[in-house]
$ cat model08.txt   # compact mmCIF, C-alpha atoms
# COMPACT_ATOMS: atom_id res chain seq x y z
CA MET F 1 -92.45 119.01 35.55
CA ASN F 2 -94.60 118.98 38.67
CA GLU F 3 -94.58 122.18 40.71
CA ASN F 4 -94.17 122.02 44.48
CA LYS F 5 -96.55 124.10 46.59
CA TRP F 6 -93.83 126.56 47.61
CA GLU F 7 -93.07 127.22 43.94
CA SER F 8 -96.50 128.75 43.38
CA SER F 9 -95.34 131.91 45.16
CA VAL F 10 -91.94 132.13 43.44
CA ARG F 11 -91.40 135.14 41.18
CA LYS F 12 -90.66 133.48 37.85
CA VAL F 13 -89.15 135.43 34.97
CA VAL F 14 -87.23 134.73 31.77
CA PRO F 15 -83.82 136.27 32.55
CA TYR F 16 -81.70 138.56 30.45
CA ILE F 17 -79.06 136.66 28.46
CA PRO F 18 -75.76 138.56 28.13
CA GLY F 19 -73.30 138.11 25.29
CA GLU F 20 -71.12 135.03 25.41
CA GLN F 21 -67.94 135.31 27.47
CA PRO F 22 -65.47 132.85 25.90
CA GLN F 23 -63.47 130.95 28.50
CA PHE F 24 -60.35 130.48 26.42
CA SER F 25 -57.61 132.80 25.19
CA ASP F 26 -56.59 133.78 21.67
CA VAL F 27 -60.00 135.12 20.67
CA ILE F 28 -61.20 138.29 19.02
CA LYS F 29 -64.12 139.37 21.19
CA LEU F 30 -66.45 141.70 19.32
CA ASN F 31 -69.76 140.62 20.87
CA THR F 32 -70.29 142.64 24.06
CA ASN F 33 -69.41 146.22 23.07
CA GLU F 34 -66.44 146.48 25.39
CA ASN F 35 -63.87 149.19 24.72
CA PRO F 36 -60.73 147.68 23.14
CA TYR F 37 -58.44 150.18 24.90
CA PRO F 38 -57.43 150.26 28.59
CA PRO F 39 -58.88 152.74 31.09
CA ALA F 40 -57.23 156.11 31.71
CA PRO F 41 -53.63 155.84 33.01
CA ALA F 42 -54.61 157.36 36.37
CA VAL F 43 -56.89 154.39 37.02
CA ARG F 44 -53.88 152.06 37.05
CA LYS F 45 -52.14 154.35 39.54
CA VAL F 46 -55.14 154.18 41.88
CA LEU F 47 -54.99 150.38 41.77
CA GLU F 48 -51.25 150.38 42.49
CA ASP F 49 -51.43 152.89 45.36
CA PHE F 50 -54.63 151.75 47.06
CA ASP F 51 -54.40 151.14 50.82
CA HIS F 52 -55.68 147.57 51.13
CA GLY F 53 -56.41 148.15 54.80
CA ARG F 54 -59.42 150.20 53.78
CA MET F 55 -61.10 147.06 52.52
CA ARG F 56 -62.10 146.18 56.12
CA LEU F 57 -64.21 149.35 56.25
CA TYR F 58 -67.54 150.03 54.61
CA PRO F 59 -67.30 152.35 51.59
CA ASP F 60 -68.85 155.80 51.50
CA PRO F 61 -72.56 155.12 50.85
CA ASP F 62 -72.87 158.47 49.05
CA SER F 63 -69.90 157.72 46.77
CA ALA F 64 -69.02 161.39 47.20
CA VAL F 65 -65.63 161.34 45.47
CA LEU F 66 -67.19 159.82 42.35
CA THR F 67 -70.41 161.82 42.47
CA ASN F 68 -68.46 165.07 42.82
CA ALA F 69 -66.21 164.18 39.87
CA ILE F 70 -69.21 163.45 37.64
CA ALA F 71 -70.98 166.63 38.79
CA LYS F 72 -67.90 168.73 38.00
CA ARG F 73 -67.46 167.12 34.56
CA TYR F 74 -71.08 167.82 33.56
CA ASP F 75 -71.47 171.13 35.42
CA LEU F 76 -74.20 169.81 37.72
CA LYS F 77 -74.84 169.70 41.45
CA PRO F 78 -73.89 166.46 43.25
CA SER F 79 -77.56 166.26 44.26
CA GLN F 80 -78.39 165.80 40.56
CA ILE F 81 -76.24 162.67 40.27
CA PHE F 82 -77.11 159.07 41.16
CA VAL F 83 -74.43 156.37 40.91
CA GLY F 84 -74.83 152.61 40.81
CA VAL F 85 -73.11 149.35 40.00
CA GLY F 86 -73.21 149.72 36.23
CA SER F 87 -76.02 151.40 34.32
CA ASP F 88 -78.00 148.16 34.67
CA ASP F 89 -78.18 148.77 38.42
CA VAL F 90 -79.08 152.41 37.85
CA LEU F 91 -81.85 151.54 35.39
CA SER F 92 -83.17 148.79 37.65
CA VAL F 93 -83.51 151.24 40.54
CA ALA F 94 -85.13 153.75 38.21
CA PHE F 95 -87.71 151.17 37.08
CA MET F 96 -88.51 150.36 40.72
CA THR F 97 -88.72 154.01 41.68
CA PHE F 98 -90.70 155.60 38.87
CA PHE F 99 -92.83 152.93 37.22
CA GLY F 100 -95.41 152.16 39.89
CA SER F 101 -98.70 152.92 38.14
CA ASP F 102 -101.10 150.49 36.48
CA LYS F 103 -100.50 152.16 33.10
CA PRO F 104 -98.05 150.47 30.72
CA ILE F 105 -94.59 151.89 30.26
CA LEU F 106 -93.49 152.31 26.64
CA PHE F 107 -90.25 151.34 24.91
CA PRO F 108 -89.32 150.14 21.39
CA ASN F 109 -89.80 146.53 20.33
CA ILE F 110 -86.15 146.40 19.21
CA THR F 111 -83.95 147.79 21.96
CA TYR F 112 -81.91 146.78 25.00
CA SER F 113 -83.44 143.47 26.00
CA PHE F 114 -83.16 144.09 29.74
CA TYR F 115 -86.10 146.53 29.72
CA ASP F 116 -88.82 143.91 29.44
CA VAL F 117 -86.98 141.71 31.97
CA TRP F 118 -87.05 144.43 34.62
CA ALA F 119 -90.68 145.12 33.81
CA ASP F 120 -91.49 141.45 34.36
CA VAL F 121 -89.44 141.25 37.58
CA TYR F 122 -91.10 144.31 39.10
CA ARG F 123 -94.57 143.48 37.73
CA ILE F 124 -94.68 146.63 35.63
CA PRO F 125 -97.12 146.58 32.70
CA TYR F 126 -95.43 147.52 29.43
CA ARG F 127 -96.03 147.95 25.73
CA GLN F 128 -93.35 147.58 23.08
CA ILE F 129 -93.68 150.11 20.26
CA PRO F 130 -92.60 148.89 16.80
CA LEU F 131 -89.76 150.79 15.19
CA LYS F 132 -90.20 152.07 11.65
CA ASN F 133 -88.69 150.07 8.77
CA ASP F 134 -85.47 152.07 8.98
CA PHE F 135 -85.16 151.26 12.71
CA THR F 136 -86.01 154.80 13.80
CA ILE F 137 -88.66 155.71 16.36
CA ASP F 138 -91.79 157.69 15.57
CA PRO F 139 -92.33 160.25 18.36
CA GLU F 140 -96.07 160.25 17.71
CA ASP F 141 -96.18 156.66 19.03
CA TYR F 142 -95.15 157.95 22.45
CA LYS F 143 -97.81 160.63 22.72
CA THR F 144 -100.35 158.41 24.38
CA GLU F 145 -101.34 157.56 27.93
CA ASN F 146 -98.53 155.70 29.68
CA GLY F 147 -96.85 154.94 32.99
CA GLY F 148 -93.40 156.00 31.79
CA ILE F 149 -91.11 155.89 28.77
CA VAL F 150 -87.66 154.37 28.19
CA ILE F 151 -85.60 155.17 25.10
CA ALA F 152 -82.05 154.03 24.41
CA ASN F 153 -80.31 156.72 22.37
CA PRO F 154 -78.32 155.67 20.41
CA ASN F 155 -80.40 152.53 20.36
CA ALA F 156 -79.05 149.04 20.85
CA PRO F 157 -78.60 146.80 18.97
CA THR F 158 -79.28 149.04 15.96
CA GLY F 159 -76.89 151.90 16.76
CA VAL F 160 -79.42 154.41 15.37
CA ALA F 161 -79.46 157.79 17.13
CA ALA F 162 -82.48 160.04 17.44
CA PRO F 163 -81.90 163.81 17.21
CA LEU F 164 -82.23 165.93 20.33
CA GLU F 165 -85.33 167.65 18.94
CA MET F 166 -87.13 164.31 18.68
CA ILE F 167 -86.30 163.35 22.26
CA GLU F 168 -87.47 166.73 23.53
CA ASP F 169 -90.70 166.36 21.57
CA ILE F 170 -91.39 163.11 23.44
CA VAL F 171 -90.44 164.51 26.85
CA ASN F 172 -92.48 167.65 26.30
CA ALA F 173 -95.54 165.57 25.33
CA ASN F 174 -95.37 163.52 28.55
CA PRO F 175 -95.30 165.89 31.53
CA ASP F 176 -97.11 163.34 33.71
CA SER F 177 -94.59 160.51 33.16
CA VAL F 178 -90.92 159.98 33.88
CA VAL F 179 -88.96 159.67 30.66
CA ILE F 180 -85.68 157.73 30.91
CA VAL F 181 -83.12 158.18 28.15
CA ASP F 182 -80.46 155.47 28.25
CA GLU F 183 -77.31 157.03 26.77
CA ALA F 184 -74.88 154.14 27.17
CA TYR F 185 -73.41 154.82 23.70
CA VAL F 186 -73.91 158.57 23.36
CA ASP F 187 -70.20 159.47 23.45
CA PHE F 188 -69.60 157.74 20.10
CA GLY F 189 -71.61 160.18 18.01
CA GLY F 190 -75.04 160.62 19.57
CA GLU F 191 -76.47 163.87 20.87
CA SER F 192 -77.00 163.87 24.63
CA CYS F 193 -80.25 165.23 25.99
CA LEU F 194 -78.49 166.24 29.21
CA PRO F 195 -79.09 169.97 28.48
CA LEU F 196 -82.82 169.29 28.80
CA ILE F 197 -82.78 168.19 32.46
CA GLU F 198 -82.90 171.80 33.69
CA LYS F 199 -86.00 172.35 31.59
CA TYR F 200 -87.84 169.07 32.30
CA GLU F 201 -88.11 167.83 35.87
CA ASN F 202 -89.36 164.43 34.66
CA LEU F 203 -86.32 163.58 32.46
CA LEU F 204 -83.69 161.11 33.67
CA VAL F 205 -80.48 160.64 31.65
CA VAL F 206 -78.51 157.44 32.27
CA GLN F 207 -74.89 156.87 31.23
CA THR F 208 -72.12 154.36 31.96
CA PHE F 209 -68.36 153.95 32.34
CA SER F 210 -68.51 150.55 30.60
CA LYS F 211 -68.22 151.73 27.00
CA SER F 212 -66.48 155.04 26.37
CA ARG F 213 -64.43 154.94 29.59
CA SER F 214 -63.20 151.34 29.23
CA MET F 215 -64.39 150.20 32.66
CA ALA F 216 -66.99 147.49 32.02
CA GLY F 217 -65.26 145.26 34.59
CA MET F 218 -65.62 147.84 37.38
CA ARG F 219 -69.38 148.34 36.96
CA ILE F 220 -70.03 152.07 37.20
CA GLY F 221 -73.21 153.69 35.96
CA PHE F 222 -74.84 157.00 36.77
CA ALA F 223 -78.03 158.96 36.25
CA MET F 224 -78.47 162.72 35.91
CA GLY F 225 -81.68 164.58 36.46
CA SER F 226 -83.58 167.00 38.66
CA GLU F 227 -82.78 166.96 42.37
CA LYS F 228 -86.28 165.63 43.03
CA LEU F 229 -85.81 162.60 40.72
CA ILE F 230 -82.41 161.79 42.21
CA LYS F 231 -83.73 162.02 45.78
CA TYR F 232 -86.51 159.56 44.98
CA MET F 233 -83.95 157.13 43.52
CA ASN F 234 -81.65 157.44 46.52
CA ASP F 235 -84.57 156.82 48.87
CA VAL F 236 -85.18 153.49 47.10
CA LYS F 237 -81.47 152.63 46.89
CA PHE F 238 -80.89 153.24 50.61
CA SER F 239 -83.92 151.08 51.35
CA ILE F 240 -82.28 148.14 49.55
CA ASN F 241 -78.51 148.38 50.00
CA SER F 242 -76.63 151.47 51.13
CA TYR F 243 -73.15 150.19 50.28
CA THR F 244 -73.43 149.34 46.61
CA MET F 245 -70.07 150.59 45.32
CA ASN F 246 -66.72 149.71 46.88
CA HIS F 247 -63.88 152.10 47.81
CA ILE F 248 -61.58 151.32 44.93
CA THR F 249 -64.26 151.56 42.26
CA GLN F 250 -65.27 155.00 43.49
CA LEU F 251 -61.66 156.23 43.34
CA CYS F 252 -60.99 154.72 39.90
CA GLY F 253 -64.18 156.16 38.50
CA ALA F 254 -63.35 159.64 39.78
CA GLU F 255 -59.91 159.54 38.15
CA ALA F 256 -61.31 158.25 34.85
CA MET F 257 -63.85 161.07 34.79
CA THR F 258 -61.17 163.75 35.15
CA ASP F 259 -58.91 162.60 32.28
CA GLU F 260 -60.73 164.30 29.42
CA LYS F 261 -57.79 164.12 27.00
CA TYR F 262 -57.45 160.34 27.19
CA PHE F 263 -61.21 159.89 27.03
CA ARG F 264 -61.44 161.95 23.84
CA GLU F 265 -58.49 160.18 22.20
CA THR F 266 -59.89 156.67 22.69
CA VAL F 267 -63.42 157.64 21.69
CA ASP F 268 -62.15 159.34 18.53
CA LYS F 269 -60.11 156.24 17.63
CA ILE F 270 -63.18 154.03 17.93
CA ILE F 271 -65.22 156.41 15.76
CA GLU F 272 -62.49 156.44 13.09
CA VAL F 273 -62.24 152.64 13.03
CA ARG F 274 -66.05 152.33 12.95
CA GLU F 275 -66.34 154.54 9.88
CA ARG F 276 -63.55 152.69 8.05
CA SER F 277 -65.20 149.41 8.98
CA LYS F 278 -68.48 150.54 7.43
CA ALA F 279 -66.68 151.06 4.14
CA ARG F 280 -65.13 147.58 4.34
CA LEU F 281 -68.51 146.02 5.11
CA ALA F 282 -70.05 147.78 2.14
CA GLU F 283 -67.33 146.29 -0.11
CA LEU F 284 -68.33 142.84 1.17
CA GLY F 285 -71.98 143.48 0.34
CA PHE F 286 -73.30 144.09 3.86
CA LYS F 287 -76.23 146.38 4.60
CA PHE F 288 -76.01 148.32 7.84
CA THR F 289 -77.48 151.21 9.80
CA ASP F 290 -75.61 154.48 10.28
CA SER F 291 -74.43 153.50 13.74
CA LYS F 292 -73.50 156.21 16.21
CA ALA F 293 -72.37 153.66 18.80
CA ASN F 294 -69.21 151.57 19.29
CA PHE F 295 -70.67 148.77 17.19
CA ILE F 296 -72.13 148.22 13.74
CA PHE F 297 -75.48 146.52 13.12
CA ALA F 298 -74.91 144.80 9.79
CA SER F 299 -76.71 142.32 7.56
CA PRO F 300 -74.80 140.09 5.10
CA VAL F 301 -76.46 139.77 1.71
CA LYS F 302 -74.70 136.77 0.17
CA LYS F 303 -74.90 134.53 3.25
CA SER F 304 -77.26 134.28 6.23
CA ALA F 305 -76.32 136.14 9.39
CA LYS F 306 -76.50 132.90 11.37
CA TYR F 307 -74.10 131.17 8.97
CA VAL F 308 -71.61 134.05 9.16
CA PHE F 309 -71.90 134.13 12.96
CA GLU F 310 -71.17 130.42 13.24
CA GLU F 311 -68.28 130.53 10.76
CA LEU F 312 -66.68 133.44 12.59
CA LYS F 313 -67.00 131.57 15.85
CA LYS F 314 -65.13 128.61 14.36
CA ARG F 315 -62.30 131.06 13.73
CA ARG F 316 -62.51 132.28 17.33
CA ILE F 317 -64.02 135.61 16.33
CA PHE F 318 -67.10 136.40 18.42
CA VAL F 319 -69.85 138.78 17.27
CA ARG F 320 -73.48 138.98 18.49
CA TYR F 321 -76.41 137.26 16.80
CA TRP F 322 -80.05 137.04 17.86
CA ASN F 323 -82.35 134.43 16.39
CA LYS F 324 -85.34 136.74 16.74
CA PRO F 325 -87.92 138.15 14.31
CA ILE F 326 -86.90 141.27 12.36
CA ILE F 327 -83.26 141.24 13.52
CA CYS F 328 -82.36 137.62 12.67
CA ASP F 329 -80.69 138.81 9.45
CA TYR F 330 -78.29 141.07 11.35
CA LEU F 331 -75.05 140.78 13.29
CA ARG F 332 -73.93 143.27 15.90
CA ILE F 333 -70.19 143.78 15.55
CA THR F 334 -68.30 145.64 18.27
CA VAL F 335 -65.63 148.01 16.99
CA GLY F 336 -62.25 146.65 18.06
CA THR F 337 -58.70 147.76 17.39
CA ASP F 338 -57.39 148.17 13.84
CA GLU F 339 -55.64 144.81 14.16
CA GLU F 340 -58.75 143.03 15.41
CA MET F 341 -60.92 144.51 12.69
CA GLU F 342 -58.42 143.56 10.00
CA LYS F 343 -58.55 139.93 11.16
CA LEU F 344 -62.33 140.13 11.17
CA PHE F 345 -62.42 141.36 7.58
CA GLU F 346 -59.95 138.72 6.43
CA ALA F 347 -62.27 136.09 7.91
CA LEU F 348 -65.38 137.71 6.41
CA GLU F 349 -63.75 137.84 2.98
CA ASP F 350 -63.15 134.09 3.20
CA ILE F 351 -66.64 133.34 4.56
CA ILE F 352 -68.57 135.57 2.15
CA ASN F 353 -66.57 135.03 -1.04
CA GLY F 354 -64.63 131.85 -0.36
$ encode --input "model08.txt" --output "structure tokens"
Amino acid sequence: MNENKWESSVRKVVPYIPGEQPQFSDVIKLNTNENPYPPAPAVRKVLEDFDHGRMRLYPDPDSAVLTNAIAKRYDLKPSQIFVGVGSDDVLSVAFMTFFGSDKPILFPNITYSFYDVWADVYRIPYRQIPLKNDFTIDPEDYKTENGGIVIANPNAPTGVAAPLEMIEDIVNANPDSVVIVDEAYVDFGGESCLPLIEKYENLLVVQTFSKSRSMAGMRIGFAMGSEKLIKYMNDVKFSINSYTMNHITQLCGAEAMTDEKYFRETVDKIIEVRERSKARLAELGFKFTDSKANFIFASPVKKSAKYVFEELKKRRIFVRYWNKPIICDYLRITVGTDEEMEKLFEALEDIING
């Protein structure tokens, strides 16, 4: 294809490809790590009682009601909290803000596949560090000159969680770089490194409402760190778009953050179903990591992962498959309800042993 002259100055990247969103009903959707349970009951009340007349007004650019709720929940100052439109937005701003040197940033070769996309978009040099054979990270690999570090913990798509001591070892070894720990799945069994932010000024912890708080459709993410880190991020955010989060999302997020009982109940249910599902997968001959997320990263032994993926899709059961080196033998299966998982295992029994 011939390129027009104006195209020579276009910023060209290979975009991130999200999980498939089926456009028909009667499916079991276990491919995008959404929470199978509804948000906290108070969120529905906010939606029912919201004054629609407020929609003509700009929202609070500081998202104070939400920021204050998060700060209270985690015993932090509001000035230590940054909120954005999903953790993707938060991470994107963090990449723009902190990764401006000519040294490569470091992140694993198997991890959230948006990291290299943002690096390409913002012209950030990067180096992908191979995981060990058991899908764990080696902290020694991150004790080298770099322009920043990003670690998803628990990792995606593997679900493997690194212990707090390992994360601190990496942060402590890199006082001249910002270390971002992406904790999208931490509530399902990982160990948060949030306690370390008072000790390390260069540590940024990113979390989301999309998984454990059942609000993927509302797009709420947040970062926690030193006041200096958060100020730098806000300076960049307010230089791009001050009004990133609407009124109703701020209110719903604040209510969801305060309902600790409901949050714990739904998270515990997902953990229970995940552990039972591991046992069922083992009976079917699958190999899998010890996931601490709301999904299981599993490899069928008797059939290829691609074959199982395609056969499940014929039955309107959607899981995630990547035709990529190292992980092409694995499926990522979101933990659904008991009923959804039972239908999944009935289908797998037929596919694997039928």
$ closest_residue --input "model08.txt" --among "F:Asn323, F:Asn109, F:Ile317, F:Leu57" --to "Ser25 in chain F" --atoms "all atoms listed in the file"
F:Ile317
$ closest_residue --input "model08.txt" --among "F:Asn2, F:Asn246, F:Ser299, F:Thr337" --to "Ile271 in chain F" --atoms "only C-alpha atoms"
F:Thr337
$ atom_distance --input "model08.txt" --atom1 "CA of Tyr142 in chain F" --atom2 "CA of Arg332 in chain F"
26.6 Å
$ atom_distance --input "model08.txt" --atom1 "CA of Ser214 in chain F" --atom2 "CA of Pro38 in chain F"
5.9 Å
$ residues_around --input "model08.txt" --residues "range 130-133 of chain F" --least-positions-apart "5" --cutoff "8 Å" --atoms "only C-alpha atoms" --output "number ranges by chain"
F: 108-110, 138
$ closest_residue --input "model08.txt" --among "F:Phe82, F:Trp6, F:Phe50, F:Tyr112" --to "Thr244 in chain F" --atoms "all atoms listed in the file"
F:Phe82
$ residues_around --input "model08.txt" --residues "Ile248 in chain F" --least-positions-apart "3" --cutoff "12 Å" --atoms "all atoms listed in the file" --output "JSON, numbers by chain"
{"F": [43, 44, 45, 46, 47, 48, 49, 50, 51, 52, 53, 54, 55, 57, 58, 59, 60, 63, 65, 66, 218, 219, 220, 245, 251, 252, 253, 254, 255]}
$ build_atoms --input "model08.txt" --residues "range 290-316 of chain F" --atoms "N, CA and C atoms" --output "mmCIF file, in the frame of the given file"
data_model
loop_
_atom_site.group_PDB
_atom_site.id
_atom_site.type_symbol
_atom_site.label_atom_id
_atom_site.label_comp_id
_atom_site.auth_asym_id
_atom_site.auth_seq_id
_atom_site.Cartn_x
_atom_site.Cartn_y
_atom_site.Cartn_z
ATOM 1 N N ASP F 290 -76.641 153.449 10.044
ATOM 2 C CA ASP F 290 -75.610 154.480 10.280
ATOM 3 C C ASP F 290 -75.369 154.562 11.782
ATOM 4 N N SER F 291 -74.623 153.603 12.297
ATOM 5 C CA SER F 291 -74.430 153.500 13.740
ATOM 6 C C SER F 291 -73.692 154.697 14.302
ATOM 7 N N LYS F 292 -74.174 155.175 15.448
ATOM 8 C CA LYS F 292 -73.500 156.210 16.210
ATOM 9 C C LYS F 292 -73.034 155.649 17.558
ATOM 10 N N ALA F 293 -72.819 154.339 17.590
ATOM 11 C CA ALA F 293 -72.370 153.660 18.800
ATOM 12 C C ALA F 293 -70.980 153.051 18.557
ATOM 13 N N ASN F 294 -70.511 152.226 19.484
ATOM 14 C CA ASN F 294 -69.210 151.570 19.290
ATOM 15 C C ASN F 294 -69.390 150.173 18.706
ATOM 16 N N PHE F 295 -70.402 150.025 17.888
ATOM 17 C CA PHE F 295 -70.670 148.770 17.190
ATOM 18 C C PHE F 295 -71.361 149.086 15.877
ATOM 19 N N ILE F 296 -71.437 148.085 15.013
ATOM 20 C CA ILE F 296 -72.130 148.220 13.740
ATOM 21 C C ILE F 296 -73.166 147.104 13.644
ATOM 22 N N PHE F 297 -74.375 147.461 13.257
ATOM 23 C CA PHE F 297 -75.480 146.520 13.120
ATOM 24 C C PHE F 297 -75.601 146.214 11.625
ATOM 25 N N ALA F 298 -75.107 145.057 11.213
ATOM 26 C CA ALA F 298 -74.910 144.800 9.790
ATOM 27 C C ALA F 298 -75.542 143.483 9.347
ATOM 28 N N SER F 299 -76.055 143.499 8.122
ATOM 29 C CA SER F 299 -76.710 142.320 7.560
ATOM 30 C C SER F 299 -75.956 141.853 6.315
ATOM 31 N N PRO F 300 -75.440 140.617 6.314
ATOM 32 C CA PRO F 300 -74.800 140.090 5.100
ATOM 33 C C PRO F 300 -75.849 139.778 4.041
ATOM 34 N N VAL F 301 -75.511 139.997 2.794
ATOM 35 C CA VAL F 301 -76.460 139.770 1.710
ATOM 36 C C VAL F 301 -76.252 138.398 1.059
ATOM 37 N N LYS F 302 -75.006 138.009 0.884
ATOM 38 C CA LYS F 302 -74.700 136.770 0.170
ATOM 39 C C LYS F 302 -74.880 135.522 1.028
ATOM 40 N N LYS F 303 -74.749 135.655 2.327
ATOM 41 C CA LYS F 303 -74.900 134.530 3.250
ATOM 42 C C LYS F 303 -75.843 134.931 4.369
ATOM 43 N N SER F 304 -76.386 133.961 5.100
ATOM 44 C CA SER F 304 -77.260 134.280 6.230
ATOM 45 C C SER F 304 -76.423 134.782 7.402
ATOM 46 N N ALA F 305 -77.025 135.618 8.220
ATOM 47 C CA ALA F 305 -76.320 136.140 9.390
ATOM 48 C C ALA F 305 -75.929 135.001 10.336
ATOM 49 N N LYS F 306 -76.815 134.025 10.490
ATOM 50 C CA LYS F 306 -76.500 132.900 11.370
ATOM 51 C C LYS F 306 -75.297 132.121 10.868
ATOM 52 N N TYR F 307 -75.235 131.906 9.568
ATOM 53 C CA TYR F 307 -74.100 131.170 8.970
ATOM 54 C C TYR F 307 -72.800 131.943 9.209
ATOM 55 N N VAL F 308 -72.809 133.244 8.963
ATOM 56 C CA VAL F 308 -71.610 134.050 9.160
ATOM 57 C C VAL F 308 -71.190 134.039 10.626
ATOM 58 N N PHE F 309 -72.171 134.182 11.521
ATOM 59 C CA PHE F 309 -71.900 134.130 12.960
ATOM 60 C C PHE F 309 -71.205 132.831 13.351
ATOM 61 N N GLU F 310 -71.736 131.722 12.882
ATOM 62 C CA GLU F 310 -71.170 130.420 13.240
ATOM 63 C C GLU F 310 -69.783 130.210 12.631
ATOM 64 N N GLU F 311 -69.593 130.674 11.400
ATOM 65 C CA GLU F 311 -68.280 130.530 10.760
ATOM 66 C C GLU F 311 -67.228 131.406 11.435
ATOM 67 N N LEU F 312 -67.609 132.581 11.848
ATOM 68 C CA LEU F 312 -66.680 133.440 12.590
ATOM 69 C C LEU F 312 -66.290 132.796 13.912
ATOM 70 N N LYS F 313 -67.271 132.204 14.560
ATOM 71 C CA LYS F 313 -67.000 131.570 15.850
ATOM 72 C C LYS F 313 -66.013 130.418 15.711
ATOM 73 N N LYS F 314 -66.092 129.683 14.610
ATOM 74 C CA LYS F 314 -65.130 128.610 14.360
ATOM 75 C C LYS F 314 -63.710 129.154 14.274
ATOM 76 N N ARG F 315 -63.604 130.409 13.849
ATOM 77 C CA ARG F 315 -62.300 131.060 13.730
ATOM 78 C C ARG F 315 -61.942 131.837 14.978
ATOM 79 N N ARG F 316 -62.706 131.617 16.042
ATOM 80 C CA ARG F 316 -62.510 132.280 17.330
ATOM 81 C C ARG F 316 -62.685 133.797 17.240
#
